[in-house]
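Following: one structure in structure tokens, then a few remarks.
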Amino acid sequence: MIELKGLTKVYGKGSKAAMALSGLNLSIKKGEIFGVIGHSGAGKSTLIRCINLLERPTEGEVWVDGVELTSLSQGQLQEQRRKIGMIFQHFNLLSSATVYDNIAFPLRLAGTPKAQIERKVLELLALVGLEEHGRKYPAQLSGGQKQRVGVARALASDPEVLLCDEATSALDPQTTDSILRLLLDINRKFHLTIVLITHEMHVIQSICDRVAVIHGGGIVEQGEVAKVFLKPQHEVTKDFIRSENQHEGPLRAALEAVHDKYSKSVKITFLGQKTYESTLSHVVRGTGVDFAILQGTISTIKDMPYGQLLVRFEGSAQAVEATLAELAAQGLEVEVFA
Amino acid sequence: MGGLNFNEINWEEMLDAGIATLRMLAYSGIFTIILGLPLGIVLYLWGRSNHFLIRSIYSVLSFVVNILRSVPFIILMVALIPLSKSIMGTSIGVLGTIPALVIGAAPFFARLVETALREVDRGVIEAAQGMGASTSQIVWRVLLPEARPGLLAGVTITIVTLVSYTAMSGMIGGGGLGDLAIRYGYYRYEKEVMIISVALMVILVQLLQMAGDRLVQHFTRK
């Protein structure tokens, strides 16, 4: 659906030149929710703005739905842009227009007949749950409501792609969740491809199918969210995940706690339904070892349950090894930590 | 210096002068907007262009606007007498002063328009671009509606400025209250006429400013 090839963006010239993207490649499939995560200054904002050419790349190709955008004339580009909706961190609504007129805006740009506009806008107001607020002005709405208007406006021209530029970064956690749920709904209902950029792992974890980690103007790691999240390879990725749910200090203390018995600390990863089964207690009852949970998370990635526990097994060497083997045999991922 | 005697004021003449001032204001105001608004939009658009050639044109245009704004109106007015003659057929009276008023006020108004447009949130413009809006759609559907309070404030300031310009035009034979004040008050020492005409202009400015503020208030959505 979206192919970015050799995307390079340099701001400024000569000695003041700053490279925001350096030969970045990315491929996004139709109908998926694709997240790009990175620290500020990593180039993620430039990246998403290159997809609809709000930012023109210095070099490289931008393919959206089979069309190479950088080669288009201004008029053709305007035509193609109607297929790409976008929502923004600061909503960017017309302050002088009502909610209704804001949502109707892209339709009026395209010269849609009035009756059709009305039907579409009312439908969208219902979709985002703002039926009561059509006559209000943006200044009369809360942040979450403004973003709902933004979403409705972006959907008005029936786009193939929705770009979300830090769409939840200005919202409180509860509102963030409600907007994310709305995005997930839309994705399922309309089979809409969604690309979002964020600096919050939580956003990726909640709704994305795949994720790319951007750093220094390039993608350092990408893949399915579960894979990247549970087995991060790159330092930057690890950093994001750590900041989400783990704290180094207490963990070290737990690992170094004095113990005289034979012991092994392992990281056990549960995925899917296994997360909620009593595999662990079942196995240790069989092998007779003791265990202490040093750290753990049980949560979901999108809708898939997962768990990751750091467990120290204590007992005879043989029993501990047997435990690890049995856990692996039960289909859990076991990684020896210390 | 005797006391003031308001009984000898020719009220009919005062009324005519008042109407002449209003006519000058109306004509010059309309033409100032017709000329200044597009000029302001062009200044805004060209000033943001990345294109070298357009930037150069902008610099030239901007320079011309600054020159017109820095020439004192009284001098501009005199300098424009030939132009007024060739456009309006006369350089005196209500009609004769209009070219000078417009050329004096339009560059000023254009700058106010440019400033008002610059106040429009860049993000909103980008959002419209992202939705496939053309430049003219952005001007008509985004910039002008979003800048409306600022533009109305600019119109108010410009018309108030025009009131003082119309008064000055009395010096070169323009009509109106300013003309009256100068002819009677300055040349013939009839202070009463001067006081009344000045008072009327003060009232006019107050009314214009109030009306302008009301409009700005009405259209402000932030």
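How things are named: the first chain in the structure tokens is A, the next is B, and so on; residues count from 1 in each chain; ligands count from 1 in the order shown.
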
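All of the residues in chain B within 9 Å of chain A are Asp121, Arg122, Gly123, Val124, Ile125, Glu126, Ala127, Ala128, Gln129, Gly130, Met131, Gly132, Ala133, Ser134, Gln137, Arg141, Val142, Pro145, Glu146, Ala147, Arg148, Phe219, Thr220, Arg221 and Lys222 of chain B, where only C-alpha atoms were counted.
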
Output for the residues just chosen: C-alpha atoms as a PDB file, in the first residue's frame:
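In the end it all went to out_28.pdb:
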ATOM      1  CA  ASP B 121      -2.054  28.700  12.450  1.00  0.00           C
ATOM      2  CA  ARG B 122       0.381  27.038  10.035  1.00  0.00           C
ATOM      3  CA  GLY B 123      -0.928  23.658  11.071  1.00  0.00           C
ATOM      4  CA  VAL B 124      -4.396  24.457   9.783  1.00  0.00           C
ATOM      5  CA  ILE B 125      -2.957  25.490   6.420  1.00  0.00           C
ATOM      6  CA  GLU B 126      -0.952  22.275   6.280  1.00  0.00           C
ATOM      7  CA  ALA B 127      -4.022  20.247   7.139  1.00  0.00           C
ATOM      8  CA  ALA B 128      -5.825  21.842   4.192  1.00  0.00           C
ATOM      9  CA  GLN B 129      -2.843  21.174   1.921  1.00  0.00           C
ATOM     10  CA  GLY B 130      -2.869  17.592   3.101  1.00  0.00           C
ATOM     11  CA  MET B 131      -6.534  17.364   2.087  1.00  0.00           C
ATOM     12  CA  GLY B 132      -5.644  18.407  -1.435  1.00  0.00           C
ATOM     13  CA  ALA B 133      -6.557  22.087  -1.275  1.00  0.00           C
ATOM     14  CA  SER B 134      -5.204  24.315  -4.037  1.00  0.00           C
ATOM     15  CA  GLN B 137      -8.871  27.242  -1.983  1.00  0.00           C
ATOM     16  CA  ARG B 141     -11.509  28.773   2.560  1.00  0.00           C
ATOM     17  CA  VAL B 142      -8.756  28.832   5.138  1.00  0.00           C
ATOM     18  CA  PRO B 145     -12.065  32.954   7.247  1.00  0.00           C
ATOM     19  CA  GLU B 146      -9.436  32.120   9.854  1.00  0.00           C
ATOM     20  CA  ALA B 147      -7.965  35.619   9.768  1.00  0.00           C
ATOM     21  CA  ARG B 148     -11.360  37.324   9.730  1.00  0.00           C
ATOM     22  CA  PHE B 219     -16.243  36.719  14.648  1.00  0.00           C
ATOM     23  CA  THR B 220     -13.687  35.655  17.229  1.00  0.00           C
ATOM     24  CA  ARG B 221     -14.014  31.933  17.935  1.00  0.00           C
ATOM     25  CA  LYS B 222     -10.939  31.316  20.023  1.00  0.00           C
TER      26      LYS B 222
END

Tell me, counting only C-alpha atoms, for each residue of segment 192-213 of chain B within 9 Å of segment 153-162 of chain B, which pair of atoms is nearest and how far apart they are in Å to one decimal, in rows ordered by chain and increasing number, as a Markdown table.
| residue | atom | partner | partner_atom | distance |
| --- | --- | --- | --- | --- |
| B:Leu204 | CA | B:Val160 | CA | 8.6 |
| B:Val205 | CA | B:Val160 | CA | 5.8 |
| B:Gln206 | CA | B:Val160 | CA | 8.9 |
| B:Leu208 | CA | B:Thr156 | CA | 6.8 |
| B:Gln209 | CA | B:Thr156 | CA | 6.2 |
| B:Ala211 | CA | B:Thr156 | CA | 8.3 |
| B:Gly212 | CA | B:Thr156 | CA | 5.3 |
| B:Asp213 | CA | B:Ala153 | CA | 7.1 |

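Picture a line from atom CA of Leu310 of chain A to atom CA of Val225 of chain A; it runs 20.5 Å.
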
Quiz item: Using only C-alpha atoms, which of the listed residues (B:Phe6, B:Tyr27, B:Tyr184, B:Trp46) sits closest to Thr97 of chain B?
Solution: B:Tyr27

Quiz item: Using the chain letters and numbers from this document, which residues of segment 223-330 of chain A does DSSP assign to alpha helix (DSSP H), as a ChimeraX atom specification?
Solution: /A:225-230,235-245,248-256,279-287,317-329

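Note that the spacing between atom CA of Gln145 of chain A and atom CA of Asp101 of chain A amounts to 15.0 Å.
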
Quiz item: Can you list, as an NGL selection string, every protein, DNA or RNA residue that comes within 10 Å of segment 164-170 of chain A when you count only C-alpha atoms, leaving out same-chain residues fewer than 2 positions away?
Solution: :A and (35 or 37 or 44-49 or 85-91 or 143-144 or 147 or 150-151 or 154 or 161-162 or 172-173 or 175-180 or 183 or 194-200 or 203)

For those residues, write C-alpha atoms to a file as an mmCIF file, in the first residue's frame.
data_model
loop_
_atom_site.group_PDB
_atom_site.id
_atom_site.type_symbol
_atom_site.label_atom_id
_atom_site.label_comp_id
_atom_site.auth_asym_id
_atom_site.auth_seq_id
_atom_site.Cartn_x
_atom_site.Cartn_y
_atom_site.Cartn_z
ATOM 1 C CA GLY A 35 3.369 2.281 14.053
ATOM 2 C CA ILE A 37 8.190 4.930 17.203
ATOM 3 C CA LYS A 44 9.512 10.289 12.572
ATOM 4 C CA SER A 45 7.576 13.476 11.968
ATOM 5 C CA THR A 46 9.458 14.108 8.731
ATOM 6 C CA LEU A 47 8.786 10.514 7.745
ATOM 7 C CA ILE A 48 5.014 10.699 8.103
ATOM 8 C CA ARG A 49 4.853 14.108 6.438
ATOM 9 C CA GLY A 85 -6.389 11.410 5.464
ATOM 10 C CA MET A 86 -4.309 12.906 8.238
ATOM 11 C CA ILE A 87 -4.818 13.773 11.880
ATOM 12 C CA PHE A 88 -2.493 15.911 13.939
ATOM 13 C CA GLN A 89 -1.202 16.348 17.447
ATOM 14 C CA HIS A 90 -2.764 19.797 17.715
ATOM 15 C CA PHE A 91 -5.861 18.814 15.705
ATOM 16 C CA GLY A 143 -9.141 17.859 23.357
ATOM 17 C CA GLY A 144 -10.558 14.399 22.818
ATOM 18 C CA GLN A 147 -9.433 14.898 17.816
ATOM 19 C CA GLY A 150 -10.089 15.565 13.224
ATOM 20 C CA VAL A 151 -10.709 11.875 12.636
ATOM 21 C CA ALA A 154 -9.874 12.882 7.758
ATOM 22 C CA VAL A 161 -4.776 5.659 4.218
ATOM 23 C CA LEU A 162 -4.957 7.518 7.508
ATOM 24 C CA ASP A 172 -4.602 12.628 28.704
ATOM 25 C CA PRO A 173 -4.292 8.828 29.111
ATOM 26 C CA THR A 175 -8.768 10.226 26.163
ATOM 27 C CA THR A 176 -5.778 8.666 24.414
ATOM 28 C CA ASP A 177 -7.286 5.237 24.932
ATOM 29 C CA SER A 178 -10.670 6.305 23.609
ATOM 30 C CA ILE A 179 -9.098 7.796 20.473
ATOM 31 C CA LEU A 180 -6.990 4.652 19.987
ATOM 32 C CA LEU A 183 -8.825 4.249 15.330
ATOM 33 C CA ILE A 194 -3.323 3.449 9.338
ATOM 34 C CA VAL A 195 0.191 4.799 9.803
ATOM 35 C CA LEU A 196 0.892 6.411 13.123
ATOM 36 C CA ILE A 197 3.945 7.921 14.668
ATOM 37 C CA THR A 198 4.398 8.231 18.375
ATOM 38 C CA HIS A 199 6.969 8.301 21.127
ATOM 39 C CA GLU A 200 4.792 6.203 23.411
ATOM 40 C CA VAL A 203 0.190 3.462 21.736
#

Practice problem: Have a look at B:Leu143, B:Leu215, B:Leu25, B:Met171 and name the one nearest to Leu95 of chain B; count only C-alpha atoms. | Solution: B:Leu25

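When atom CA of Ala181 of chain B is paired with atom CA of Phe109 of chain B, their separation reads 26.8 Å.
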